[in-house]
Every structure is written in C-alpha cells, then in structure tokens.
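Q: Quick one: the structure is below, questions incoming.
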Amino acid sequence: MPKMKSNRGAAKTFKVTASGKVKRKHSLKRHILTKKSAKRIRQLRHDAIVSDADAKRVRRMLLA
C-alpha cells in the first residue's frame, strides 16, 4: 500500500498548534489596501483559529 499524501495546498495554508487547533491567515490582506483603514489592516495581521466545524476536514487534508 503506498503512503498517504497530504493535500499540499492545505499544508501551505494551515498549521496545527501544539494543542491540536488549526491556525489560518485572514483574507483580504493582499491588495487594494489603500481604502482599508490602518486598524483593519493591523487586525488582519494576526492568525485566526479555524472553526470546529471545518477543523476536522482540514486536519484530514493535513493527515495530522
């Protein structure tokens, strides 16, 4: 039986924390930043936790 392959796109997008939660980046931070307030851009800097409903599916893609 060959090895299982993780989803490479998901592996580059998500990270699993030591406690098993899944981290993700915020969207809307790539371009068209001039019209967004400094507060909004600053708050998008921090990572977010994937919701419990989606975390199971993401962890399966990562095989972690």
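By convention here, the chains of the structure tokens are called A, B, ... in the order presented, each chain's residues are numbered starting at 1, and ligands are numbered starting at 1 in the order presented.
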When you look at segment 1-18 of chain A with a cut-off of 8 Å (counting only C-alpha atoms), what residues show up, excluding the ones that are within fewer than 5 positions of it in the same chain? I need them as a count of residues only.
A: 8
Q: Among chain A, which ones does DSSP place in strand (DSSP E), written as an MDAnalysis selection string?
A: chainID A and resid 15:16 22:24 48:49
Q: Next, write the just-selected residues to a file, as a compact mmCIF listing (two decimals), in the first residue's frame, keeping N, CA and C atoms as the atom set.
A:
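File written: part_37.txt
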```
# COMPACT_ATOMS: atom_id res chain seq x y z
N LYS A 15 -1.72 25.53 9.71
CA LYS A 15 -0.74 24.95 10.64
C LYS A 15 -1.52 24.41 11.84
N VAL A 16 -1.06 23.29 12.38
CA VAL A 16 -1.69 22.72 13.56
C VAL A 16 -0.88 23.13 14.78
N VAL A 22 -6.32 24.32 14.65
CA VAL A 22 -5.80 24.63 13.32
C VAL A 22 -5.79 26.14 13.13
N LYS A 23 -4.62 26.68 12.75
CA LYS A 23 -4.46 28.12 12.53
C LYS A 23 -4.59 28.43 11.05
N ARG A 24 -5.07 29.64 10.75
CA ARG A 24 -5.18 30.11 9.38
C ARG A 24 -4.91 31.61 9.36
N ALA A 48 -5.90 33.44 12.81
CA ALA A 48 -7.20 33.07 13.36
C ALA A 48 -7.24 31.56 13.53
N ILE A 49 -8.18 31.09 14.34
CA ILE A 49 -8.36 29.66 14.55
C ILE A 49 -9.50 29.20 13.65
```
Q: Name the residues of chain A that come out as alpha helix (DSSP H) in a backbone DSSP run; write them as a list in words.
A: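 Those residues are Arg8, Gly9, Ala10, Ala11, Lys12, Thr13, Ala38, Lys39, Arg40, Ile41, Arg42, Gln43, Leu44, Asp52, Ala53, Asp54, Ala55, Lys56, Arg57, Val58, Arg59, Arg60, Met61 and Leu62 of chain A.
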Q: Can you pull out every residue within 12 Å of Leu44 of chain A, counting only C-alpha atoms, but drop anything in the same chain fewer than 4 positions away, and send it as a ChimeraX atom specification?
A: /A:24-30,33,36-40,48
Q: Write the residues of the selection above to a file with N, CA, C and O atoms, as a compact mmCIF listing (two decimals), in the first residue's frame.
A:
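As written to disk, out30.txt reads:
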```txt
# COMPACT_ATOMS: atom_id res chain seq x y z
N ARG A 24 -5.07 29.64 10.75
CA ARG A 24 -5.18 30.11 9.38
C ARG A 24 -4.91 31.61 9.36
O ARG A 24 -4.96 32.27 10.39
N LYS A 25 -4.60 32.12 8.16
CA LYS A 25 -4.42 33.57 7.99
C LYS A 25 -5.77 34.21 7.66
O LYS A 25 -6.68 33.53 7.19
N HIS A 26 -5.86 35.51 7.88
CA HIS A 26 -7.05 36.23 7.45
C HIS A 26 -6.97 36.53 5.96
O HIS A 26 -5.88 36.68 5.40
N SER A 27 -8.11 36.65 5.34
CA SER A 27 -8.16 37.03 3.93
C SER A 27 -8.22 38.56 3.82
O SER A 27 -8.25 39.26 4.83
N LEU A 28 -8.25 39.06 2.60
CA LEU A 28 -8.40 40.50 2.30
C LEU A 28 -7.17 41.32 2.68
O LEU A 28 -7.28 42.51 2.96
N LYS A 29 -5.99 40.73 2.67
CA LYS A 29 -4.78 41.45 3.07
C LYS A 29 -3.77 41.51 1.92
O LYS A 29 -2.64 41.92 2.11
N ARG A 30 -4.14 41.12 0.69
CA ARG A 30 -3.19 41.00 -0.41
C ARG A 30 -3.03 42.29 -1.22
O ARG A 30 -1.93 42.67 -1.54
N LEU A 33 -5.18 47.83 -0.53
CA LEU A 33 -5.08 48.13 0.90
C LEU A 33 -5.27 49.61 1.20
O LEU A 33 -5.46 49.98 2.36
N LYS A 36 -8.56 50.52 2.86
CA LYS A 36 -8.82 49.87 4.15
C LYS A 36 -8.11 50.65 5.25
O LYS A 36 -6.99 51.12 5.08
N SER A 37 -8.78 50.77 6.39
CA SER A 37 -8.22 51.57 7.49
C SER A 37 -7.01 50.86 8.09
O SER A 37 -6.87 49.64 8.00
N ALA A 38 -6.16 51.65 8.72
CA ALA A 38 -4.96 51.10 9.36
C ALA A 38 -5.34 50.10 10.44
O ALA A 38 -4.69 49.07 10.62
N LYS A 39 -6.42 50.37 11.15
CA LYS A 39 -6.89 49.46 12.20
C LYS A 39 -7.27 48.11 11.61
O LYS A 39 -6.93 47.06 12.16
N ARG A 40 -7.99 48.15 10.50
CA ARG A 40 -8.44 46.92 9.86
C ARG A 40 -7.25 46.09 9.36
O ARG A 40 -7.19 44.88 9.57
N ALA A 48 -5.90 33.44 12.81
CA ALA A 48 -7.20 33.07 13.36
C ALA A 48 -7.24 31.56 13.53
O ALA A 48 -6.43 30.84 12.94
```
Q: If I take atom CA of Gln43 of chain A and atom CA of Lys21 of chain A, how far is one from the other in Å, to one decimal?
A: 20.3 Å
